[in-house]
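Structure data follow from structure-v3.txt (compact mmCIF, C-alpha atoms):
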```txt
# COMPACT_ATOMS: atom_id res chain seq x y z
CA MET A 1 -27.69 40.38 86.48
CA LYS A 2 -25.96 37.56 88.34
CA ILE A 3 -24.35 34.87 86.22
CA SER A 4 -24.60 31.34 87.57
CA THR A 5 -21.60 29.09 88.19
CA ALA A 6 -22.70 26.76 85.37
CA ALA A 7 -22.89 29.70 82.95
CA TRP A 8 -19.39 30.87 83.94
CA ALA A 9 -18.10 27.32 83.33
CA LYS A 10 -19.56 27.26 79.82
CA ILE A 11 -18.10 30.70 79.02
CA THR A 12 -14.66 29.64 80.29
CA ALA A 13 -14.74 26.41 78.25
CA PHE A 14 -15.74 28.36 75.13
CA ILE A 15 -12.84 30.79 75.62
CA ILE A 16 -10.32 27.95 76.06
CA ILE A 17 -11.54 26.11 72.96
CA GLY A 18 -11.41 29.34 70.97
CA ALA A 19 -7.87 30.03 72.12
CA LEU A 20 -6.71 26.52 71.16
CA PHE A 21 -8.32 26.79 67.73
CA GLY A 22 -6.76 30.21 67.20
CA GLY A 23 -3.33 28.86 68.16
CA VAL A 24 -3.56 26.04 65.65
CA MET A 25 -4.63 28.43 62.91
CA VAL A 26 -1.67 30.71 63.70
CA MET A 27 0.67 27.70 63.48
CA TYR A 28 -0.87 26.77 60.15
CA SER A 29 -0.64 30.34 58.84
CA ASN A 30 3.00 30.65 59.83
CA SER A 31 3.79 27.32 58.20
CA GLN A 32 2.61 28.70 54.86
CA PHE A 33 5.40 31.33 54.99
CA ASP A 34 8.15 29.47 56.85
CA ALA A 35 7.97 26.04 55.14
CA PRO A 36 8.15 24.97 51.50
CA THR A 37 4.86 24.24 49.81
CA ALA A 38 3.73 20.72 50.81
CA GLU A 39 3.14 18.17 48.09
CA SER A 40 0.11 16.79 49.90
CA PRO A 41 -1.98 17.43 53.06
CA ARG A 42 -0.03 14.62 54.71
CA GLU A 43 3.27 16.38 53.97
CA GLU A 44 1.73 19.60 55.23
CA PHE A 45 0.92 18.06 58.60
CA ARG A 46 4.42 16.62 58.78
CA SER A 47 5.94 20.11 58.46
CA MET A 48 3.49 21.52 61.00
CA PHE A 49 3.99 18.90 63.70
CA GLY A 50 7.69 18.14 63.72
CA SER A 51 8.25 15.55 61.01
CA ASP A 52 11.47 17.29 59.91
CA GLU A 53 13.38 15.51 62.67
CA PRO A 54 16.29 13.24 61.69
CA SER A 55 15.41 9.81 60.32
CA THR A 56 16.44 6.59 62.05
CA ASN A 57 16.81 3.12 60.52
CA ARG A 58 16.61 0.15 62.88
CA HIS A 59 17.09 -3.51 62.02
CA MET A 60 16.26 -6.41 64.32
CA GLU A 61 16.90 -10.07 63.68
CA LYS A 62 15.88 -13.04 65.85
CA ASP A 63 15.93 -16.79 65.29
CA PHE A 64 14.18 -19.57 67.21
CA SER A 65 14.69 -23.33 67.16
CA VAL A 66 11.34 -25.07 66.63
CA LYS A 67 9.90 -28.30 65.29
CA SER A 68 7.61 -28.70 62.31
CA GLY A 69 3.96 -28.44 63.29
CA GLY A 70 4.51 -25.35 65.45
CA ALA A 71 2.85 -21.95 65.19
CA LEU A 72 3.63 -18.30 64.54
CA HIS A 73 1.57 -15.57 66.21
CA LEU A 74 2.14 -11.97 65.09
CA GLU A 75 0.34 -8.78 66.14
CA THR A 76 1.63 -5.37 65.07
CA ASP A 77 0.32 -1.81 65.17
CA ALA A 78 1.92 -1.08 61.80
CA GLY A 79 3.91 -2.67 59.04
CA ASP A 80 3.98 -4.91 55.98
CA VAL A 81 4.22 -8.63 56.73
CA ASP A 82 5.88 -11.21 54.48
CA ILE A 83 5.92 -14.85 55.62
CA GLU A 84 7.34 -17.80 53.69
CA SER A 85 8.74 -21.23 54.38
CA TRP A 86 12.20 -22.73 54.19
CA ASP A 87 13.76 -26.17 54.81
CA LYS A 88 15.07 -25.47 58.34
CA GLU A 89 13.43 -26.20 61.68
CA GLU A 90 13.89 -22.60 62.69
CA VAL A 91 11.90 -19.38 62.67
CA LEU A 92 13.92 -16.41 61.44
CA VAL A 93 12.43 -12.95 61.96
CA LYS A 94 13.80 -9.80 60.35
CA VAL A 95 12.25 -6.45 61.23
CA ASP A 96 13.15 -3.13 59.62
CA ILE A 97 11.91 0.13 61.15
CA GLU A 98 12.45 3.45 59.46
CA GLY A 99 11.13 6.85 60.46
CA SER A 100 11.75 10.00 62.42
CA ASP A 101 13.80 9.53 65.60
CA ARG A 102 10.72 10.02 67.75
CA ARG A 103 8.56 7.53 65.82
CA SER A 104 11.21 4.90 65.28
CA GLU A 105 12.45 4.80 68.86
CA ARG A 106 8.93 4.52 70.26
CA PHE A 107 8.00 1.51 68.13
CA ASP A 108 8.77 -1.57 70.21
CA VAL A 109 8.92 -5.17 68.98
CA LYS A 110 8.90 -7.97 71.54
CA PHE A 111 9.64 -11.64 70.91
CA SER A 112 8.81 -14.71 72.97
CA GLN A 113 8.73 -18.48 72.57
CA ASP A 114 6.48 -21.07 74.16
CA GLY A 115 7.58 -24.52 73.02
CA ASP A 116 7.23 -24.55 69.24
CA ARG A 117 5.13 -21.39 69.20
CA VAL A 118 6.81 -18.07 68.40
CA ASN A 119 5.11 -14.80 69.39
CA ILE A 120 5.87 -11.37 67.95
CA ILE A 121 4.21 -8.19 69.24
CA GLY A 122 4.83 -4.78 67.66
CA LYS A 123 3.54 -1.74 69.55
CA ALA A 124 3.65 2.00 68.83
CA ASP A 125 4.32 3.52 72.25
CA ASP A 126 3.24 7.03 71.32
CA ASN A 127 0.62 9.06 73.17
CA ASN A 128 0.90 12.04 70.85
CA PHE A 129 -2.50 13.59 70.05
CA PHE A 130 -1.70 13.24 66.35
CA LYS A 131 -0.75 9.55 66.63
CA TRP A 132 -2.85 8.78 63.57
CA ASN A 133 -0.22 10.48 61.43
CA LEU A 134 1.91 7.37 60.87
CA GLY A 135 3.50 8.75 57.73
CA ASP A 136 6.83 9.12 59.59
CA LEU A 137 7.02 5.39 60.35
CA ASP A 138 7.71 2.51 57.97
CA VAL A 139 7.84 -1.02 59.41
CA SER A 140 8.35 -4.30 57.58
CA TYR A 141 8.54 -7.91 58.77
CA HIS A 142 10.16 -10.72 56.79
CA ILE A 143 9.69 -14.10 58.46
CA LEU A 144 10.88 -17.59 57.52
CA VAL A 145 9.21 -20.63 59.10
CA PRO A 146 9.21 -24.42 58.57
CA ARG A 147 6.75 -25.36 55.82
CA ASN A 148 4.58 -27.39 58.20
CA PHE A 149 3.52 -24.47 60.41
CA THR A 150 0.36 -22.65 61.51
CA ILE A 151 0.22 -18.91 60.87
CA LYS A 152 -1.88 -16.27 62.64
CA ALA A 153 -0.92 -12.68 61.90
CA SER A 154 -2.51 -9.24 62.02
CA THR A 155 -1.38 -5.69 61.24
CA SER A 156 -3.15 -2.38 61.70
CA GLY A 157 -1.54 -0.80 58.67
CA GLY A 158 0.16 -2.76 55.90
CA ASN A 159 0.14 -5.39 53.18
CA MET A 160 0.45 -9.11 53.97
CA THR A 161 1.80 -12.03 51.96
CA THR A 162 2.21 -15.70 52.86
CA THR A 163 3.67 -18.37 50.60
CA ASN A 164 4.25 -22.13 50.62
CA ILE A 165 2.80 -23.16 53.99
CA ALA A 166 1.41 -26.59 54.96
CA GLY A 167 -0.87 -25.50 57.77
CA ASP A 168 -3.81 -23.23 58.55
CA VAL A 169 -3.26 -19.55 57.73
CA ARG A 170 -5.17 -16.59 59.20
CA LEU A 171 -4.23 -13.06 58.09
CA GLU A 172 -5.90 -9.76 58.94
CA THR A 173 -5.05 -6.15 58.04
CA SER A 174 -6.84 -2.89 58.63
CA GLY A 175 -5.24 -1.07 55.75
CA GLY A 176 -3.68 -3.13 52.98
CA ASN A 177 -3.81 -5.98 50.50
CA VAL A 178 -3.60 -9.67 51.42
CA SER A 179 -2.01 -12.30 49.18
CA VAL A 180 -1.61 -16.03 49.87
CA SER A 181 -0.31 -18.79 47.60
CA SER A 182 0.58 -22.48 47.77
CA ILE A 183 -1.17 -23.14 51.08
CA ASP A 184 -2.13 -26.68 52.20
CA GLY A 185 -4.66 -25.87 54.90
CA VAL A 186 -7.61 -23.71 55.87
CA VAL A 187 -7.14 -20.08 54.80
CA THR A 188 -8.89 -17.09 56.40
CA ILE A 189 -8.02 -13.60 55.10
CA ASN A 190 -9.54 -10.23 55.96
CA SER A 191 -8.89 -6.61 55.01
CA SER A 192 -10.70 -3.40 55.87
CA GLY A 193 -9.37 -1.59 52.85
CA GLY A 194 -7.58 -3.71 50.28
CA ASN A 195 -7.64 -6.50 47.73
CA LEU A 196 -7.59 -10.23 48.50
CA ASP A 197 -5.68 -12.68 46.30
CA ALA A 198 -5.51 -16.45 46.95
CA ARG A 199 -3.81 -18.96 44.66
CA LYS A 200 -3.20 -22.72 44.84
CA ILE A 201 -5.10 -23.48 48.02
CA LYS A 202 -5.60 -27.09 49.16
CA GLY A 203 -8.29 -26.45 51.73
CA SER A 204 -11.20 -24.12 52.34
CA LEU A 205 -10.95 -20.37 51.76
CA LYS A 206 -12.81 -17.65 53.64
CA GLY A 207 -12.16 -14.02 52.75
CA GLU A 208 -13.74 -10.66 53.47
CA THR A 209 -12.81 -7.10 52.51
CA SER A 210 -14.59 -3.80 52.92
CA GLY A 211 -12.90 -2.01 50.08
CA GLY A 212 -11.30 -4.14 47.38
CA ASN A 213 -11.46 -6.91 44.82
CA VAL A 214 -11.38 -10.62 45.59
CA LYS A 215 -9.51 -13.08 43.39
CA ALA A 216 -9.10 -16.81 44.01
CA THR A 217 -7.48 -19.27 41.61
CA THR A 218 -7.18 -23.07 41.93
CA VAL A 219 -8.88 -23.80 45.23
CA GLN A 220 -9.46 -27.44 46.21
CA GLY A 221 -12.07 -26.74 48.85
CA ASP A 222 -15.07 -24.61 49.73
CA VAL A 223 -14.93 -20.88 49.04
CA ASP A 224 -16.78 -18.18 51.02
CA VAL A 225 -15.89 -14.59 50.05
CA GLU A 226 -17.46 -11.16 50.44
CA THR A 227 -16.57 -7.60 49.44
CA SER A 228 -18.38 -4.34 49.99
CA GLY A 229 -16.74 -2.53 47.13
CA GLY A 230 -15.18 -4.62 44.38
CA GLU A 231 -15.18 -7.42 41.84
CA ILE A 232 -15.10 -11.14 42.62
CA ASP A 233 -13.16 -13.44 40.30
CA LEU A 234 -13.10 -17.15 41.21
CA ALA A 235 -11.34 -19.56 38.83
CA SER A 236 -10.79 -23.34 38.99
CA ILE A 237 -12.82 -23.90 42.14
CA GLU A 238 -13.50 -27.46 43.36
CA GLY A 239 -15.94 -26.96 46.21
CA ALA A 240 -19.10 -25.26 47.38
CA VAL A 241 -19.06 -21.53 46.59
CA HIS A 242 -20.55 -18.47 48.26
CA GLY A 243 -19.69 -15.06 46.83
CA GLU A 244 -21.26 -11.70 47.60
CA THR A 245 -20.44 -8.14 46.51
CA SER A 246 -22.18 -4.81 46.96
CA GLY A 247 -20.26 -2.98 44.28
CA GLY A 248 -19.13 -5.12 41.34
CA GLY A 249 -19.56 -8.19 39.22
CA VAL A 250 -18.92 -11.87 39.91
CA THR A 251 -17.16 -14.39 37.66
CA LEU A 252 -16.96 -18.07 38.63
CA THR A 253 -15.30 -20.96 36.81
CA LEU A 254 -16.35 -24.20 38.48
CA THR A 255 -14.30 -27.35 37.92
CA GLY A 256 -15.30 -30.83 39.06
CA GLU A 257 -18.76 -31.64 40.35
CA ASN A 258 -21.28 -29.09 41.53
CA LYS A 259 -21.25 -28.92 45.35
CA GLY A 260 -23.53 -25.90 45.55
CA VAL A 261 -23.18 -22.28 44.35
CA ASP A 262 -24.64 -19.11 45.88
CA LEU A 263 -23.69 -15.80 44.22
CA HIS A 264 -25.06 -12.30 44.87
CA SER A 265 -24.29 -8.85 43.46
CA SER A 266 -25.94 -5.50 44.08
CA GLY A 267 -24.31 -3.77 41.15
CA GLY A 268 -22.89 -5.98 38.41
CA ASP A 269 -23.08 -8.96 36.09
CA ILE A 270 -22.74 -12.58 37.20
CA ASN A 271 -20.96 -14.99 34.85
CA ILE A 272 -20.78 -18.70 35.70
CA PHE A 273 -18.69 -21.14 33.66
CA VAL A 274 -19.36 -24.87 34.12
CA SER A 275 -18.72 -28.15 32.29
CA ASP A 276 -21.43 -29.26 29.88
CA SER A 277 -22.01 -32.35 32.07
CA ILE A 278 -22.78 -30.39 35.24
CA ALA A 279 -25.88 -31.46 37.15
CA ALA A 280 -27.71 -28.64 38.93
CA ASN A 281 -30.96 -27.00 39.91
CA LEU A 282 -30.64 -23.44 38.56
CA GLU A 283 -32.21 -20.48 40.35
CA ALA A 284 -31.25 -17.23 38.64
CA SER A 285 -32.91 -13.81 38.83
CA THR A 286 -32.03 -10.17 38.12
CA SER A 287 -33.79 -6.87 38.70
CA GLY A 288 -31.85 -4.94 36.09
CA GLY A 289 -30.86 -7.22 33.23
CA LYS A 290 -31.37 -10.58 31.54
CA VAL A 291 -30.70 -14.24 32.39
CA ARG A 292 -29.16 -16.51 29.77
CA CYS A 293 -28.10 -20.20 29.95
CA GLU A 294 -26.11 -22.00 27.23
CA LEU A 295 -26.87 -25.48 28.61
CA PRO A 296 -30.11 -27.37 27.93
CA ILE A 297 -32.48 -26.81 30.85
CA THR A 298 -35.83 -28.22 31.89
CA VAL A 299 -37.67 -25.08 32.92
CA LYS A 300 -39.78 -24.92 36.05
CA GLY A 301 -42.64 -22.41 35.86
CA GLU A 302 -42.86 -19.63 33.28
CA MET A 303 -39.87 -18.33 31.35
CA SER A 304 -38.91 -14.65 31.44
CA ASP A 305 -35.91 -12.51 30.54
CA ASP A 306 -35.11 -11.67 34.16
CA GLU A 307 -35.68 -15.05 35.84
CA LEU A 308 -34.80 -18.66 35.05
CA ARG A 309 -35.48 -21.72 37.18
CA GLY A 310 -35.06 -25.34 36.17
CA ARG A 311 -32.97 -28.52 36.06
CA ILE A 312 -29.72 -28.94 34.17
CA ASN A 313 -28.81 -32.55 33.28
CA GLY A 314 -31.56 -33.93 35.53
CA GLY A 315 -30.87 -31.61 38.48
CA GLY A 316 -28.49 -31.57 41.42
CA ASN A 317 -27.19 -29.14 44.01
CA VAL A 318 -28.52 -25.62 43.65
CA ILE A 319 -26.71 -23.00 41.58
CA ARG A 320 -28.21 -19.72 42.78
CA ALA A 321 -27.38 -16.35 41.22
CA GLU A 322 -29.02 -13.03 42.06
CA THR A 323 -28.15 -9.49 40.98
CA SER A 324 -29.90 -6.14 41.26
CA GLY A 325 -28.01 -4.40 38.51
CA GLY A 326 -26.77 -6.64 35.69
CA ASP A 327 -27.05 -9.72 33.53
CA ILE A 328 -26.63 -13.37 34.54
CA ARG A 329 -24.98 -15.80 32.14
CA ILE A 330 -24.39 -19.53 32.60
CA LYS A 331 -21.87 -20.73 30.04
CA THR A 332 -19.92 -23.90 29.26
CA ILE A 333 -16.17 -24.07 29.75
CA LYS A 334 -14.52 -23.96 26.33
```

As structure tokens, the full file:
Amino acid sequence: MKISTAAWAKITAFIIIGALFGGVMVMYSNSQFDAPTAESPREEFRSMFGSDEPSTNRHMEKDFSVKSGGALHLETDAGDVDIESWDKEEVLVKVDIEGSDRRSERFDVKFSQDGDRVNIIGKADDNNFFKWNLGDLDVSYHILVPRNFTIKASTSGGNMTTTNIAGDVRLETSGGNVSVSSIDGVVTINSSGGNLDARKIKGSLKGETSGGNVKATTVQGDVDVETSGGEIDLASIEGAVHGETSGGGVTLTLTGENKGVDLHSSGGDINIFVSDSIAANLEASTSGGKVRCELPITVKGEMSDDELRGRINGGGNVIRAETSGGDIRIKTIK
């Protein structure tokens, strides 16, 4: 029987794949006898693929003369980022890189300046097949800027903090927590796998995370936050509020007048604390609990345990709360 060219190609490919798989398994088997027992799968891969090389510590420091009102732009493939202000018209950047010789030497940080804008780009120049194993590389940025400055920063693998900035702040990480405090400006924070924490914000706040809790305290502006897997805790908010979670509860303490509230949860309770003089049209419903309101309310339609609609203190902007798996409580601030 004659075998076609296409069939021979498939057989050859199968043999090559089998040989590669067998080689990896042999390497793994040998590592069990030649190397100490790994404390974790990550440590195990390090011993298998050359992470026992010498460690290198690198420190870089750059400073730039700028004027207040400038901007910082940071993009990095890895690393924690800490940004804060000082009383000088300078940007000071300190970068620490620690890891195996191979990892450390292939992580490149470039700096540039365009007027009062400072740019920082950190790149991992590594084409290794197992590039995702970044356990051998630890990068951290500590940056000082004038207080009146705009910040835009992103990292593919680390925590981010920014403190005491009078300007818009935008932070994004693919693998860590984000914390901002004492910001006079618009704040936008995003994480694919961590918690969000915002405190003392004079401006609007927008935040989104796919895997953590959201906490905001003392925000003088509108708040729009979402999480796919955590709790939302909003305290001392003086603006319109939108909050949505697929995996936790929501707590809101609203100060000042009601500028509109829209809260949703797929798996938890919703607790809303307001002053006893708040004016609102309440629209609250739950599929798995009860609705309770401590304030006097003029009910619209029929009353039921799982739905409440009506006017509080004559009515006003809508306070909407919906949950599929918990109770809803509207309470007065004590």

* Take atom CA of A:Ile121 and atom CA of A:Gly207 and report the distance between them in Å, one decimal. =>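 The value is 24.0 Å.
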
Using all atoms listed in the file, which protein or nucleic acid residues come within 7 Å of stretch 151-164 of chain A? Drop anything in the same chain fewer than 5 positions from it, and give the result as a PDB file with C-alpha atoms, in the frame of the given file.
```
ATOM      1  CA  ALA A  71       2.850 -21.950  65.190  1.00  0.00           C
ATOM      2  CA  LEU A  72       3.630 -18.300  64.540  1.00  0.00           C
ATOM      3  CA  HIS A  73       1.570 -15.570  66.210  1.00  0.00           C
ATOM      4  CA  LEU A  74       2.140 -11.970  65.090  1.00  0.00           C
ATOM      5  CA  GLU A  75       0.340  -8.780  66.140  1.00  0.00           C
ATOM      6  CA  THR A  76       1.630  -5.370  65.070  1.00  0.00           C
ATOM      7  CA  ASP A  77       0.320  -1.810  65.170  1.00  0.00           C
ATOM      8  CA  ALA A  78       1.920  -1.080  61.800  1.00  0.00           C
ATOM      9  CA  GLY A  79       3.910  -2.670  59.040  1.00  0.00           C
ATOM     10  CA  ASP A  80       3.980  -4.910  55.980  1.00  0.00           C
ATOM     11  CA  VAL A  81       4.220  -8.630  56.730  1.00  0.00           C
ATOM     12  CA  ASP A  82       5.880 -11.210  54.480  1.00  0.00           C
ATOM     13  CA  ILE A  83       5.920 -14.850  55.620  1.00  0.00           C
ATOM     14  CA  GLU A  84       7.340 -17.800  53.690  1.00  0.00           C
ATOM     15  CA  SER A  85       8.740 -21.230  54.380  1.00  0.00           C
ATOM     16  CA  VAL A 169      -3.260 -19.550  57.730  1.00  0.00           C
ATOM     17  CA  ARG A 170      -5.170 -16.590  59.200  1.00  0.00           C
ATOM     18  CA  LEU A 171      -4.230 -13.060  58.090  1.00  0.00           C
ATOM     19  CA  GLU A 172      -5.900  -9.760  58.940  1.00  0.00           C
ATOM     20  CA  THR A 173      -5.050  -6.150  58.040  1.00  0.00           C
ATOM     21  CA  SER A 174      -6.840  -2.890  58.630  1.00  0.00           C
ATOM     22  CA  GLY A 175      -5.240  -1.070  55.750  1.00  0.00           C
ATOM     23  CA  GLY A 176      -3.680  -3.130  52.980  1.00  0.00           C
ATOM     24  CA  ASN A 177      -3.810  -5.980  50.500  1.00  0.00           C
ATOM     25  CA  VAL A 178      -3.600  -9.670  51.420  1.00  0.00           C
ATOM     26  CA  SER A 179      -2.010 -12.300  49.180  1.00  0.00           C
ATOM     27  CA  VAL A 180      -1.610 -16.030  49.870  1.00  0.00           C
ATOM     28  CA  SER A 181      -0.310 -18.790  47.600  1.00  0.00           C
ATOM     29  CA  SER A 182       0.580 -22.480  47.770  1.00  0.00           C
ATOM     30  CA  ILE A 183      -1.170 -23.140  51.080  1.00  0.00           C
TER      31      ILE A 183
END
```

* **Separation of atom CA of A:Ser246 from atom CA of A:Ser228 in Å** => 4.9 Å

* Which residue, A:Thr332, A:Ser266, A:Thr298, A:Thr150, has the smallest gap to A:Leu252 when you use all atoms listed in the file? ->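 When distances to A:Leu252 are compared using all atoms listed in the file, the smallest one comes from A:Thr332.
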
* To do: List every protein, DNA or RNA residue that has at least one atom no more than 7 Å from (-26.1, -31.4, 37.7) in the file's coordinates, counting only C-alpha atoms, and write the result as a ChimeraX atom specification.
  => /A:258,278-281,312-317

* Structure fact -> In terms of all atoms listed in the file, the residue from A:Glu98, A:Asp233, A:Glu294, A:Glu90 at minimal distance from A:Thr56 is A:Glu98

Box along x, y and z, 3 Å on every side, all listed atoms of stretch 79-92 of chain A inside: centre and edge lengths in Å to one decimal, as lines of an AutoDock Vina configuration file.
```
center_x = 9.5
center_y = -14.4
center_z = 58.2
size_x = 17.2
size_y = 29.5
size_z = 15.0
```

* Structure fact -> Atom pair atom CA of A:Val261 + atom CA of A:Asp197, distance 20.1 Å

* Go ahead and find all residues with at least one atom no further than 10 Å from (-30.8, -4.6, 33.5) in the file's coordinates, using all atoms listed in the file; report them as a list in words. =>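 The requested residues, written out, are Gly268, Asp269, Thr286, Ser287, Gly288, Gly289, Lys290, Val291, Asp305, Asp306, Thr323, Ser324, Gly325, Gly326, Asp327 and Ile328 of chain A.
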
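Of the residues under consideration (A:Lys94, A:Arg106, A:Arg309, A:His242), A:His242 shows the shortest atom-to-atom contact distance to A:Val225 when counting all atoms listed in the file.
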
* To do: Rank A:Gly243, A:Gly301, A:Gly248, A:Gly167 by their smallest atom-to-atom distance to A:His264, using all atoms listed in the file, and report the top residue only.
  =>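 Closest candidate: A:Gly243.
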